[in-house]
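Listing of coords_21.cif, mmCIF, C-alpha atoms and all ligand atoms
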```cif
data_input
#
loop_
_atom_site.group_PDB
_atom_site.id
_atom_site.type_symbol
_atom_site.label_atom_id
_atom_site.label_comp_id
_atom_site.auth_asym_id
_atom_site.auth_seq_id
_atom_site.Cartn_x
_atom_site.Cartn_y
_atom_site.Cartn_z
ATOM 1 C CA MET I 85 -1.505 20.529 16.188
ATOM 2 C CA ILE I 86 -2.328 16.830 16.605
ATOM 3 C CA LYS I 87 0.126 14.514 14.844
ATOM 4 C CA ALA I 88 -0.381 10.911 13.714
ATOM 5 C CA CYS I 89 1.368 8.735 11.139
ATOM 6 C CA VAL I 90 1.551 5.328 9.525
ATOM 7 C CA ILE I 91 4.682 3.240 10.016
ATOM 8 C CA GLY I 92 5.830 0.396 7.783
ATOM 9 C CA TRP I 93 8.833 -0.859 5.817
ATOM 10 C CA PRO I 94 8.493 -0.006 2.988
ATOM 11 C CA ILE I 95 5.746 2.609 3.441
ATOM 12 C CA SER I 96 5.783 4.702 0.255
ATOM 13 C CA HIS I 97 2.798 2.737 -1.171
ATOM 14 C CA SER I 98 0.483 3.518 1.760
ATOM 15 C CA ARG I 99 -2.776 5.295 0.918
ATOM 16 C CA SER I 100 -3.568 5.980 4.588
ATOM 17 C CA PRO I 101 -2.292 9.616 4.428
ATOM 18 C CA LEU I 102 -4.706 10.276 1.564
ATOM 19 C CA ILE I 103 -7.609 9.047 3.716
ATOM 20 C CA HIS I 104 -6.719 10.815 6.969
ATOM 21 C CA ASN I 105 -5.701 14.093 5.322
ATOM 22 C CA TYR I 106 -9.021 14.116 3.430
ATOM 23 C CA TRP I 107 -10.839 13.916 6.773
ATOM 24 C CA LEU I 108 -8.544 16.489 8.414
ATOM 25 C CA ARG I 109 -9.405 18.939 5.607
ATOM 26 C CA LYS I 110 -13.103 18.062 5.602
ATOM 27 C CA TYR I 111 -13.482 18.658 9.350
ATOM 28 C CA GLN I 112 -10.967 21.557 9.440
ATOM 29 C CA ILE I 113 -8.950 19.885 12.180
ATOM 30 C CA ASP I 114 -5.494 21.246 12.976
ATOM 31 C CA GLY I 115 -3.670 17.948 12.523
ATOM 32 C CA SER I 116 -1.246 16.059 10.348
ATOM 33 C CA TYR I 117 -0.924 12.443 9.225
ATOM 34 C CA THR I 118 2.288 11.357 7.519
ATOM 35 C CA ARG I 119 4.106 8.265 6.283
ATOM 36 C CA GLN I 120 7.096 7.253 8.397
ATOM 37 C CA PRO I 121 9.443 4.582 7.060
ATOM 38 C CA VAL I 122 10.598 2.538 10.079
ATOM 39 C CA GLU I 123 13.012 -0.342 9.615
ATOM 40 C CA PRO I 124 12.255 -3.427 11.728
ATOM 41 C CA ASN I 125 15.369 -2.902 13.857
ATOM 42 C CA ALA I 126 14.317 0.706 14.575
ATOM 43 C CA LEU I 127 10.734 -0.167 15.553
ATOM 44 C CA ALA I 128 11.163 -0.473 19.330
ATOM 45 C CA GLU I 129 12.915 2.905 19.515
ATOM 46 C CA PHE I 130 10.259 4.562 17.329
ATOM 47 C CA ILE I 131 7.472 3.294 19.604
ATOM 48 C CA ARG I 132 9.423 4.223 22.766
ATOM 49 C CA THR I 133 9.823 7.813 21.536
ATOM 50 C CA LEU I 134 6.334 8.180 20.051
ATOM 51 C CA ARG I 135 5.256 10.716 22.684
ATOM 52 C CA SER I 136 8.481 12.743 22.731
ATOM 53 C CA SER I 137 8.211 12.891 18.928
ATOM 54 C CA GLY I 138 4.835 14.557 19.424
ATOM 55 C CA TYR I 139 2.556 11.815 18.085
ATOM 56 C CA ALA I 140 -0.949 11.158 19.365
ATOM 57 C CA GLY I 141 -0.610 7.670 17.869
ATOM 58 C CA CYS I 142 0.026 5.801 14.652
ATOM 59 C CA ASN I 143 -1.105 3.104 12.279
ATOM 60 C CA CYS I 144 1.144 0.088 11.806
ATOM 61 C CA THR I 145 1.337 -1.838 8.573
ATOM 62 C CA ILE I 146 3.481 -4.592 7.045
ATOM 63 C CA PRO I 147 5.759 -5.853 8.595
ATOM 64 C CA HIS I 148 5.126 -4.258 12.008
ATOM 65 C CA LYS I 149 1.656 -5.344 13.171
ATOM 66 C CA GLU I 150 2.776 -8.423 15.124
ATOM 67 C CA ALA I 151 5.985 -6.812 16.453
ATOM 68 C CA VAL I 152 4.112 -3.789 17.837
ATOM 69 C CA TYR I 153 1.836 -6.224 19.692
ATOM 70 C CA GLY I 154 4.941 -7.294 21.608
ATOM 71 C CA LEU I 155 5.879 -3.694 22.441
ATOM 72 C CA ILE I 156 2.726 -2.082 23.867
ATOM 73 C CA PRO I 157 -0.333 -3.350 25.784
ATOM 74 C CA ALA I 158 -3.406 -4.395 23.839
ATOM 75 C CA ALA I 159 -6.532 -2.337 24.491
ATOM 76 C CA ASP I 160 -9.093 -5.119 24.082
ATOM 77 C CA ASP I 161 -9.695 -8.882 23.995
ATOM 78 C CA TYR I 162 -10.027 -9.010 20.208
ATOM 79 C CA THR I 163 -6.542 -7.504 19.772
ATOM 80 C CA ARG I 164 -5.134 -9.964 22.327
ATOM 81 C CA LYS I 165 -6.815 -12.781 20.413
ATOM 82 C CA VAL I 166 -5.349 -11.871 17.022
ATOM 83 C CA GLY I 167 -1.948 -10.810 18.430
ATOM 84 C CA ALA I 168 -1.460 -7.906 16.035
ATOM 85 C CA ILE I 169 -1.857 -4.128 16.329
ATOM 86 C CA ASN I 170 -2.639 -1.746 13.480
ATOM 87 C CA THR I 171 -3.661 1.314 15.531
ATOM 88 C CA VAL I 172 -1.749 2.863 18.456
ATOM 89 C CA PHE I 173 -3.415 5.558 20.576
ATOM 90 C CA ALA I 174 -2.876 7.339 23.883
ATOM 91 C CA ILE I 175 -4.928 7.020 27.048
ATOM 92 C CA GLY I 176 -3.531 9.450 29.614
ATOM 93 C CA ASP I 177 0.203 8.793 29.834
ATOM 94 C CA ALA I 178 0.096 5.357 28.232
ATOM 95 C CA PHE I 179 -0.060 4.151 24.645
ATOM 96 C CA LEU I 180 -2.341 1.214 23.871
ATOM 97 C CA GLY I 181 -2.789 -0.791 20.701
ATOM 98 C CA THR I 182 -5.864 -2.077 18.951
ATOM 99 C CA ASN I 183 -6.712 -3.742 15.659
ATOM 100 C CA THR I 184 -9.339 -2.342 13.292
ATOM 101 C CA ASP I 185 -8.869 -4.707 10.327
ATOM 102 C CA GLY I 186 -11.727 -7.029 11.346
ATOM 103 C CA GLU I 187 -14.273 -4.244 11.835
ATOM 104 C CA GLY I 188 -13.137 -2.596 8.583
ATOM 105 C CA PHE I 189 -13.636 -5.878 6.751
ATOM 106 C CA LEU I 190 -17.133 -6.549 8.094
ATOM 107 C CA ALA I 191 -18.279 -2.930 7.717
ATOM 108 C CA ASN I 192 -17.206 -3.124 4.086
ATOM 109 C CA ILE I 193 -19.276 -6.267 3.483
ATOM 110 C CA ALA I 194 -22.207 -4.726 5.397
ATOM 111 C CA SER I 195 -22.069 -1.647 3.139
ATOM 112 C CA ALA I 196 -22.954 -3.876 0.189
ATOM 113 C CA VAL I 197 -25.006 -6.834 1.475
ATOM 114 C CA ASP I 198 -27.186 -7.792 4.446
ATOM 115 C CA VAL I 199 -24.641 -9.660 6.601
ATOM 116 C CA SER I 200 -27.341 -11.383 8.652
ATOM 117 C CA GLU I 201 -27.976 -13.605 5.605
ATOM 118 C CA LEU I 202 -24.341 -14.813 5.870
ATOM 119 C CA ARG I 203 -24.401 -15.630 9.583
ATOM 120 C CA ASN I 204 -25.169 -19.341 9.203
ATOM 121 C CA LYS I 205 -23.471 -19.777 5.861
ATOM 122 C CA ARG I 206 -20.081 -21.334 5.195
ATOM 123 C CA ILE I 207 -17.345 -18.701 4.889
ATOM 124 C CA VAL I 208 -14.285 -19.775 2.891
ATOM 125 C CA ILE I 209 -11.149 -17.708 3.526
ATOM 126 C CA LEU I 210 -8.185 -18.060 1.164
ATOM 127 C CA GLY I 211 -4.953 -17.342 3.065
ATOM 128 C CA ALA I 212 -3.814 -17.683 6.665
ATOM 129 C CA GLY I 213 -1.568 -14.624 7.041
ATOM 130 C CA GLY I 214 -2.016 -11.650 9.348
ATOM 131 C CA ALA I 215 -5.078 -10.261 7.561
ATOM 132 C CA SER I 216 -6.782 -13.653 7.565
ATOM 133 C CA VAL I 217 -6.279 -14.043 11.336
ATOM 134 C CA ALA I 218 -7.710 -10.551 11.955
ATOM 135 C CA ILE I 219 -10.743 -11.228 9.734
ATOM 136 C CA ALA I 220 -11.455 -14.770 10.983
ATOM 137 C CA GLY I 221 -11.079 -13.697 14.627
ATOM 138 C CA PHE I 222 -13.513 -10.815 14.149
ATOM 139 C CA LEU I 223 -16.029 -12.991 12.302
ATOM 140 C CA GLN I 224 -15.908 -15.526 15.169
ATOM 141 C CA ASP I 225 -16.539 -12.756 17.728
ATOM 142 C CA GLN I 226 -19.534 -11.582 15.683
ATOM 143 C CA GLY I 227 -21.062 -15.068 15.666
ATOM 144 C CA PHE I 228 -20.017 -16.322 12.228
ATOM 145 C CA ALA I 229 -19.089 -19.866 13.244
ATOM 146 C CA ASN I 230 -18.835 -21.760 9.978
ATOM 147 C CA LEU I 231 -15.306 -20.850 8.837
ATOM 148 C CA ALA I 232 -13.012 -22.745 6.478
ATOM 149 C CA VAL I 233 -9.445 -21.597 5.788
ATOM 150 C CA VAL I 234 -7.492 -22.633 2.691
ATOM 151 C CA ASN I 235 -3.751 -21.999 2.719
ATOM 152 C CA ARG I 236 -0.654 -23.119 0.824
ATOM 153 C CA THR I 237 1.345 -23.593 4.034
ATOM 154 C CA VAL I 238 -0.624 -25.969 6.250
ATOM 155 C CA GLU I 239 1.370 -25.103 9.405
ATOM 156 C CA ARG I 240 0.088 -21.536 9.216
ATOM 157 C CA VAL I 241 -3.536 -22.718 9.395
ATOM 158 C CA THR I 242 -2.629 -24.927 12.353
ATOM 159 C CA ALA I 243 -1.075 -21.924 14.115
ATOM 160 C CA MET I 244 -4.119 -19.798 13.254
ATOM 161 C CA ARG I 245 -6.501 -22.405 14.691
ATOM 162 C CA ALA I 246 -4.413 -22.646 17.878
ATOM 163 C CA ARG I 247 -4.498 -18.848 18.252
ATOM 164 C CA LEU I 248 -8.183 -18.284 17.506
ATOM 165 C CA GLY I 249 -9.748 -21.435 18.956
ATOM 166 C CA GLY I 250 -13.296 -22.302 17.922
ATOM 167 C CA ARG I 251 -14.003 -24.496 14.956
ATOM 168 C CA ILE I 252 -12.059 -23.619 11.834
ATOM 169 C CA GLU I 253 -11.955 -26.172 9.046
ATOM 170 C CA ALA I 254 -8.507 -26.456 7.420
ATOM 171 C CA ILE I 255 -8.481 -27.069 3.665
ATOM 172 C CA ASP I 256 -5.519 -28.022 1.537
ATOM 173 C CA TRP I 257 -4.508 -25.389 -1.040
ATOM 174 C CA ASN I 258 -4.842 -27.976 -3.839
ATOM 175 C CA ASP I 259 -8.532 -28.409 -2.921
ATOM 176 C CA ARG I 260 -9.385 -24.692 -3.071
ATOM 177 C CA SER I 261 -11.739 -24.969 -6.063
ATOM 178 C CA PHE I 262 -13.577 -27.980 -4.540
ATOM 179 C CA ALA I 263 -14.040 -26.114 -1.251
ATOM 180 C CA LEU I 264 -16.460 -23.643 -2.793
ATOM 181 C CA SER I 265 -19.636 -25.736 -2.888
ATOM 182 C CA GLU I 266 -22.002 -24.604 -0.077
ATOM 183 C CA CYS I 267 -19.954 -21.404 0.280
ATOM 184 C CA GLY I 268 -21.935 -18.262 1.208
ATOM 185 C CA LEU I 269 -18.980 -15.863 1.388
ATOM 186 C CA LEU I 270 -15.625 -16.285 -0.352
ATOM 187 C CA VAL I 271 -12.803 -14.065 0.912
ATOM 188 C CA ASN I 272 -9.377 -13.747 -0.688
ATOM 189 C CA THR I 273 -6.802 -12.647 1.890
ATOM 190 C CA THR I 274 -3.766 -13.925 -0.017
ATOM 191 C CA SER I 275 -1.606 -11.475 -1.915
ATOM 192 C CA LEU I 276 -2.343 -13.409 -5.138
ATOM 193 C CA GLY I 277 -4.010 -11.238 -7.766
ATOM 194 C CA MET I 278 -2.337 -8.093 -6.454
ATOM 195 C CA GLN I 279 -0.386 -5.950 -8.943
ATOM 196 C CA GLY I 280 3.092 -7.428 -9.240
ATOM 197 C CA GLN I 281 2.064 -10.770 -7.664
ATOM 198 C CA PRO I 282 1.104 -14.030 -9.388
ATOM 199 C CA PRO I 283 -2.583 -14.473 -10.339
ATOM 200 C CA LEU I 284 -5.000 -16.327 -8.067
ATOM 201 C CA ASP I 285 -5.716 -19.558 -9.899
ATOM 202 C CA ILE I 286 -9.118 -20.855 -8.754
ATOM 203 C CA SER I 287 -12.207 -22.232 -10.491
ATOM 204 C CA LEU I 288 -15.519 -20.727 -9.402
ATOM 205 C CA ASP I 289 -17.566 -23.494 -11.079
ATOM 206 C CA ARG I 290 -18.737 -24.934 -7.745
ATOM 207 C CA LEU I 291 -19.511 -21.588 -6.122
ATOM 208 C CA PRO I 292 -23.262 -21.154 -5.412
ATOM 209 C CA ASP I 293 -24.935 -18.410 -7.476
ATOM 210 C CA ASP I 294 -26.016 -16.504 -4.349
ATOM 211 C CA ALA I 295 -22.524 -16.430 -2.789
ATOM 212 C CA VAL I 296 -20.847 -13.108 -2.043
ATOM 213 C CA VAL I 297 -17.204 -12.754 -3.128
ATOM 214 C CA THR I 298 -14.736 -10.265 -1.674
ATOM 215 C CA ASP I 299 -11.040 -9.645 -2.172
ATOM 216 C CA ILE I 300 -9.056 -7.620 0.344
ATOM 217 C CA VAL I 301 -6.472 -6.912 -2.356
ATOM 218 C CA TYR I 302 -7.300 -3.441 -3.741
ATOM 219 C CA THR I 303 -4.565 -2.922 -6.348
ATOM 220 C CA PRO I 304 -6.147 -3.384 -8.864
ATOM 221 C CA LEU I 305 -9.434 -2.036 -7.492
ATOM 222 C CA ARG I 306 -11.340 -4.917 -9.100
ATOM 223 C CA THR I 307 -9.192 -8.056 -9.057
ATOM 224 C CA GLN I 308 -9.544 -10.871 -11.567
ATOM 225 C CA LEU I 309 -11.307 -12.930 -8.864
ATOM 226 C CA LEU I 310 -13.968 -10.219 -8.528
ATOM 227 C CA LYS I 311 -14.266 -9.806 -12.298
ATOM 228 C CA ASP I 312 -14.764 -13.570 -12.723
ATOM 229 C CA ALA I 313 -17.281 -13.725 -9.873
ATOM 230 C CA ALA I 314 -19.269 -10.744 -11.197
ATOM 231 C CA ALA I 315 -19.275 -12.235 -14.710
ATOM 232 C CA ARG I 316 -21.033 -15.362 -13.417
ATOM 233 C CA GLY I 317 -23.574 -13.279 -11.472
ATOM 234 C CA ASN I 318 -22.191 -13.379 -7.927
ATOM 235 C CA ARG I 319 -22.320 -10.255 -5.754
ATOM 236 C CA VAL I 320 -18.836 -8.807 -5.266
ATOM 237 C CA VAL I 321 -17.312 -6.423 -2.709
ATOM 238 C CA GLU I 322 -14.019 -4.637 -3.476
ATOM 239 C CA GLY I 323 -11.196 -4.443 -0.919
ATOM 240 C CA LEU I 324 -10.686 -0.674 -0.970
ATOM 241 C CA GLY I 325 -13.739 -0.284 1.275
ATOM 242 C CA MET I 326 -11.980 -2.299 3.990
ATOM 243 C CA LEU I 327 -8.947 -0.005 3.880
ATOM 244 C CA VAL I 328 -11.098 3.098 4.188
ATOM 245 C CA ARG I 329 -13.319 1.692 6.931
ATOM 246 C CA GLN I 330 -10.499 0.315 9.083
ATOM 247 C CA ALA I 331 -9.205 3.915 9.262
ATOM 248 C CA VAL I 332 -12.345 5.307 10.948
ATOM 249 C CA ARG I 333 -11.555 4.302 14.557
ATOM 250 C CA GLY I 334 -7.940 5.533 14.476
ATOM 251 C CA PHE I 335 -9.045 8.953 13.206
ATOM 252 C CA THR I 336 -11.694 9.096 15.950
ATOM 253 C CA LEU I 337 -9.182 8.166 18.679
ATOM 254 C CA TRP I 338 -6.502 10.663 17.592
ATOM 255 C CA PHE I 339 -8.490 13.599 16.290
ATOM 256 C CA GLY I 340 -11.715 13.331 18.335
ATOM 257 C CA LYS I 341 -14.180 13.199 15.457
ATOM 258 C CA THR I 342 -15.885 10.138 13.976
ATOM 259 C CA PRO I 343 -15.348 10.648 10.243
ATOM 260 C CA GLU I 344 -17.813 9.842 7.498
ATOM 261 C CA VAL I 345 -16.916 7.408 4.715
ATOM 262 C CA THR I 346 -18.062 9.294 1.627
ATOM 263 C CA ALA I 347 -18.191 8.518 -2.097
ATOM 264 C CA GLU I 348 -15.876 11.510 -2.573
ATOM 265 C CA LEU I 349 -13.245 9.842 -0.348
ATOM 266 C CA PHE I 350 -13.587 6.579 -2.276
ATOM 267 C CA ASP I 351 -13.094 8.412 -5.558
ATOM 268 C CA LEU I 352 -10.009 10.186 -4.225
ATOM 269 C CA VAL I 353 -8.259 6.959 -3.201
ATOM 270 C CA ALA I 354 -9.514 4.965 -6.193
ATOM 271 C CA LEU I 355 -8.178 7.596 -8.608
ATOM 272 C CA ASP I 356 -4.809 7.471 -6.874
ATOM 273 C CA ILE I 357 -4.719 3.714 -7.474
ATOM 274 C CA ASP I 358 -6.085 3.836 -11.010
ATOM 275 C CA PRO I 359 -6.101 7.146 -12.930
ATOM 276 C CA ASN I 360 -8.679 5.624 -15.339
ATOM 277 C CA TYR I 361 -11.101 4.835 -12.515
ATOM 278 C CA ARG I 362 -14.722 5.943 -13.064
ATOM 279 C CA ARG I 363 -17.327 5.422 -10.350
HETATM 280 N N1 LIG I 401 -7.960 -4.049 2.162
HETATM 281 C C1 LIG I 401 -7.282 -3.887 3.298
HETATM 282 O O1 LIG I 401 -7.585 -3.008 4.113
HETATM 283 C C2 LIG I 401 -6.143 -4.819 3.627
HETATM 284 C C3 LIG I 401 -5.739 -4.974 4.962
HETATM 285 C C4 LIG I 401 -4.690 -5.852 5.243
HETATM 286 C C5 LIG I 401 -4.057 -6.539 4.198
HETATM 287 N N2 LIG I 401 -4.472 -6.344 2.916
HETATM 288 C C6 LIG I 401 -3.840 -7.093 1.803
HETATM 289 O O2 LIG I 401 -4.015 -8.478 2.069
HETATM 290 C C7 LIG I 401 -2.932 -9.231 1.562
HETATM 291 C C8 LIG I 401 -2.380 -10.159 2.642
HETATM 292 O O3 LIG I 401 -1.884 -9.405 3.724
HETATM 293 P P1 LIG I 401 -1.270 -10.137 5.027
HETATM 294 O O4 LIG I 401 -0.824 -9.060 5.947
HETATM 295 O O5 LIG I 401 -2.195 -11.179 5.540
HETATM 296 O O6 LIG I 401 0.038 -10.844 4.368
HETATM 297 P P2 LIG I 401 0.804 -12.148 4.863
HETATM 298 O O7 LIG I 401 0.717 -12.297 6.353
HETATM 299 O O8 LIG I 401 2.158 -12.068 4.232
HETATM 300 O O9 LIG I 401 0.005 -13.385 4.192
HETATM 301 C C9 LIG I 401 0.047 -13.622 2.824
HETATM 302 C C10 LIG I 401 -0.874 -14.771 2.453
HETATM 303 O O10 LIG I 401 -0.806 -14.963 1.026
HETATM 304 C C11 LIG I 401 -0.445 -16.319 0.753
HETATM 305 N N3 LIG I 401 0.365 -16.425 -0.457
HETATM 306 C C12 LIG I 401 1.342 -15.573 -0.867
HETATM 307 N N4 LIG I 401 1.879 -16.013 -2.039
HETATM 308 C C13 LIG I 401 1.241 -17.163 -2.351
HETATM 309 C C14 LIG I 401 1.345 -18.081 -3.452
HETATM 310 N N5 LIG I 401 2.228 -17.894 -4.442
HETATM 311 N N6 LIG I 401 0.517 -19.146 -3.465
HETATM 312 C C15 LIG I 401 -0.396 -19.347 -2.463
HETATM 313 N N7 LIG I 401 -0.540 -18.502 -1.404
HETATM 314 C C16 LIG I 401 0.265 -17.428 -1.342
HETATM 315 C C17 LIG I 401 0.329 -16.750 1.969
HETATM 316 O O11 LIG I 401 0.369 -18.171 2.032
HETATM 317 P P3 LIG I 401 1.552 -18.933 2.841
HETATM 318 O O12 LIG I 401 1.156 -18.885 4.290
HETATM 319 O O13 LIG I 401 1.549 -20.293 2.263
HETATM 320 O O14 LIG I 401 2.827 -18.165 2.564
HETATM 321 C C18 LIG I 401 -0.491 -16.120 3.097
HETATM 322 O O15 LIG I 401 -1.654 -16.863 3.355
HETATM 323 C C19 LIG I 401 -1.910 -8.201 1.057
HETATM 324 O O16 LIG I 401 -2.065 -8.106 -0.344
HETATM 325 C C20 LIG I 401 -2.331 -6.913 1.746
HETATM 326 O O17 LIG I 401 -1.998 -5.763 0.977
HETATM 327 C C21 LIG I 401 -5.508 -5.515 2.603
#
```

As a first step, turn the structure in this file into structure tokens.
Amino acid sequence: MIKACVIGWPISHSRSPLIHNYWLRKYQIDGSYTRQPVEPNALAEFIRTLRSSGYAGCNCTIPHKEAVYGLIPAADDYTRKVGAINTVFAIGDAFLGTNTDGEGFLANIASAVDVSELRNKRIVILGAGGASVAIAGFLQDQGFANLAVVNRTVERVTAMRARLGGRIEAIDWNDRSFALSECGLLVNTTSLGMQGQPPLDISLDRLPDDAVVTDIVYTPLRTQLLKDAAARGNRVVEGLGMLVRQAVRGFTLWFGKTPEVTAELFDLVALDIDPNYRR
């Protein structure tokens, strides 16, 4: 039996087991995917004993993505660029780490809109945390060069620019509503608007009518930002699709099958988040 898991602290909220176990059942693969709570001070030991514990690899979530980058070699230039690992897999005797958040993000947008229309447009990203770095770094690599990052803590944007290079415009958090004119894609990567977090306070008045709006927060499935954007006629893309799509490469690496992202899988995870969900 092939074993994989997701590690985090806390980890009880993770929907990754729902996704991977759906695919394991669908493809009748003899495997398991579990949640493993790993405290930060136990992380190095967990990674060191990954093989003797019988794992083919793991996903890493908050707060471990950056720390795992310091513990195992990165598999590719993109992962080295963003300095964070969300997927650990074995090649021969060695474990390597990669990051699938950027590809999950862009695949999610591409599932809803023609991304070539966004290539020369201004992309405004709210937030400069780990998810923002992964998304901005991937967009740069894919040739999206017109990026602006708005964050409450200015030093974090400075650090992000130093890490990613290229041209990233830094915008003060107080100017977030003014930053939306000329915007082709608005991305919320802050935790604002998530269940249990404060609301995201932003005016969409200046946002062009043809702009696409996405929120990587997926609890609730449709955040207030997306509701407001849809109400004024903008196209919106929900964050759950990113979560599901970032899981594809890990499953392929561990279990040897490229899984399909189906409407049935979406419904399964969406219903777990919101029992009143209807497609
Ligand atoms: N859909 C997916 O697959 C997916 C993948 C990854 C993450 N996520 C979600 O994305 C969100 C961010 O994750 P992360 O790993 O990037 O977290 P993170 O590194 O902790 O970053 C959090 C971001 O939110 C901002 N923020 C938090 N509270 C704020 C407030 N009161 N006012 C203004 N800004 C505030 C932070 O600004 P400061 O720098 O000023 O603190 C920072 O930019 C989480 O909700 C996570 O669940 C979703």

Margin query: If the limit is 6 Å from any atom of ligand LIG 401 (chain I), counting only C-alpha atoms and all ligand atoms, which residues qualify? Return them as a list in words.
Written below: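 Counting only C-alpha atoms and all ligand atoms, the residues within 6 Å of ligand LIG 401 (chain I) come out as Gly211, Ala212, Gly213, Gly214, Ala215, Ser216, Asn235, Arg236, Thr237, Arg240, Thr273, Thr274, Ser275, Leu276, Ile300, Val301, Tyr302, Gly323, Leu324, Met326 and Leu327 of chain I.
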
Write out as a PDB file with C-alpha atoms, in the coordinates of the input the residues lying within 10 Å of stretch 154-159 of chain I, counting all atoms listed in the file and excluding same-chain residues fewer than 4 positions away.
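Result written to out12.pdb:
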```pdb
ATOM      1  CA  LEU I 127      10.734  -0.167  15.553  1.00  0.00           C
ATOM      2  CA  ALA I 128      11.163  -0.473  19.330  1.00  0.00           C
ATOM      3  CA  ILE I 131       7.472   3.294  19.604  1.00  0.00           C
ATOM      4  CA  ARG I 132       9.423   4.223  22.766  1.00  0.00           C
ATOM      5  CA  LYS I 149       1.656  -5.344  13.171  1.00  0.00           C
ATOM      6  CA  GLU I 150       2.776  -8.423  15.124  1.00  0.00           C
ATOM      7  CA  THR I 163      -6.542  -7.504  19.772  1.00  0.00           C
ATOM      8  CA  ARG I 164      -5.134  -9.964  22.327  1.00  0.00           C
ATOM      9  CA  LYS I 165      -6.815 -12.781  20.413  1.00  0.00           C
ATOM     10  CA  GLY I 167      -1.948 -10.810  18.430  1.00  0.00           C
ATOM     11  CA  ALA I 168      -1.460  -7.906  16.035  1.00  0.00           C
ATOM     12  CA  ILE I 169      -1.857  -4.128  16.329  1.00  0.00           C
ATOM     13  CA  VAL I 172      -1.749   2.863  18.456  1.00  0.00           C
ATOM     14  CA  PHE I 173      -3.415   5.558  20.576  1.00  0.00           C
ATOM     15  CA  ILE I 175      -4.928   7.020  27.048  1.00  0.00           C
ATOM     16  CA  ALA I 178       0.096   5.357  28.232  1.00  0.00           C
ATOM     17  CA  PHE I 179      -0.060   4.151  24.645  1.00  0.00           C
ATOM     18  CA  LEU I 180      -2.341   1.214  23.871  1.00  0.00           C
ATOM     19  CA  GLY I 181      -2.789  -0.791  20.701  1.00  0.00           C
ATOM     20  CA  THR I 182      -5.864  -2.077  18.951  1.00  0.00           C
ATOM     21  CA  ASN I 183      -6.712  -3.742  15.659  1.00  0.00           C
TER      22      ASN I 183
END
```

Next item on the list: For I:Ala295, please output as a list in words all residues within 10 Å (counting only C-alpha atoms; exclusion window: fewer than 6 positions along the same chain).
Entry: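 After dropping sequence-adjacent residues, the list is Leu202, Lys205, Arg206, Ile207, Leu264, Ser265, Glu266, Cys267, Gly268, Leu269, Leu270, Ala313, Gly317, Asn318, Arg319 and Val320 of chain I.
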
Next item on the list: Can you give me, as a ChimeraX atom specification, the residues this file yields under the PyMOL selection byres (((chain I and resi 332) around 10) and not hetatm)?
Entry: /I:103-104,107,184,187-188,327-331,333-337,341-345

Margin query: Under the rule that all atoms listed in the file are counted, which of I:Gln279, I:Gln226, I:Gln120, I:Thr171 is the nearest residue to I:Leu190?
Written below: I:Gln226

Notebook entry, point to check: Which protein, DNA or RNA residues have an atom at most 9 Å from (0.2, 19.4, 10.4), counting all atoms listed in the file? List them as a PyMOL selection string.
Noted result: chain I and resi 85-87+114-118

Next item on the list: Compile the contact shell of I:Ala218 as a PyMOL selection string: residues with an atom at most 7 Å away, counting all atoms listed in the file, same-chain residues fewer than 4 positions apart removed.
Entry: chain I and resi 166+185-186+214+222

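Among the candidates I:Ala315, I:Gly138, I:Gly227, I:Arg306, the residue lying nearest to I:Asp289 is I:Ala315 (atoms considered: only C-alpha atoms).
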
Checklist line | Target residues per the PyMOL selection byres (((chain I and resi 263) around 9) and not hetatm), formatted as a PyMOL selection string | finding: chain I and resi 208+232+234+255+259-262+264-267+290-291

Next item on the list: Might you spell out which residues the PyMOL selection byres (((chain I and resi 350) around 9) and not hetatm) would select in the displayed file, as number ranges by chain?
Entry: I: 103, 324-325, 328, 345-349, 351-355, 363

Check: In Å, with one decimal, what is the gap from atom CA of I:Glu239 to atom CA of I:Asp225?
Finding: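 We find that atom CA of I:Glu239 and atom CA of I:Asp225 lie 23.3 Å from each other.
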
Within 8 Å of I:Leu310, counting only C-alpha atoms, which residues show up once you throw out same-chain ones fewer than 6 positions away? Write them as a tab-separated table (two decimals) with C-alpha atoms, in the coordinates of the input, please.
```tsv
chain	number	residue	atom	x	y	z
I	297	VAL	CA	-17.20	-12.75	-3.13
I	298	THR	CA	-14.74	-10.26	-1.67
I	299	ASP	CA	-11.04	-9.64	-2.17
I	320	VAL	CA	-18.84	-8.81	-5.27
I	321	VAL	CA	-17.31	-6.42	-2.71
I	322	GLU	CA	-14.02	-4.64	-3.48
```

Notebook entry, point to check: Quick one: distance from atom CA of I:Pro101 to atom CA of I:Arg119 in Å, one decimal?
Noted result: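 Those two atoms sit 6.8 Å apart.
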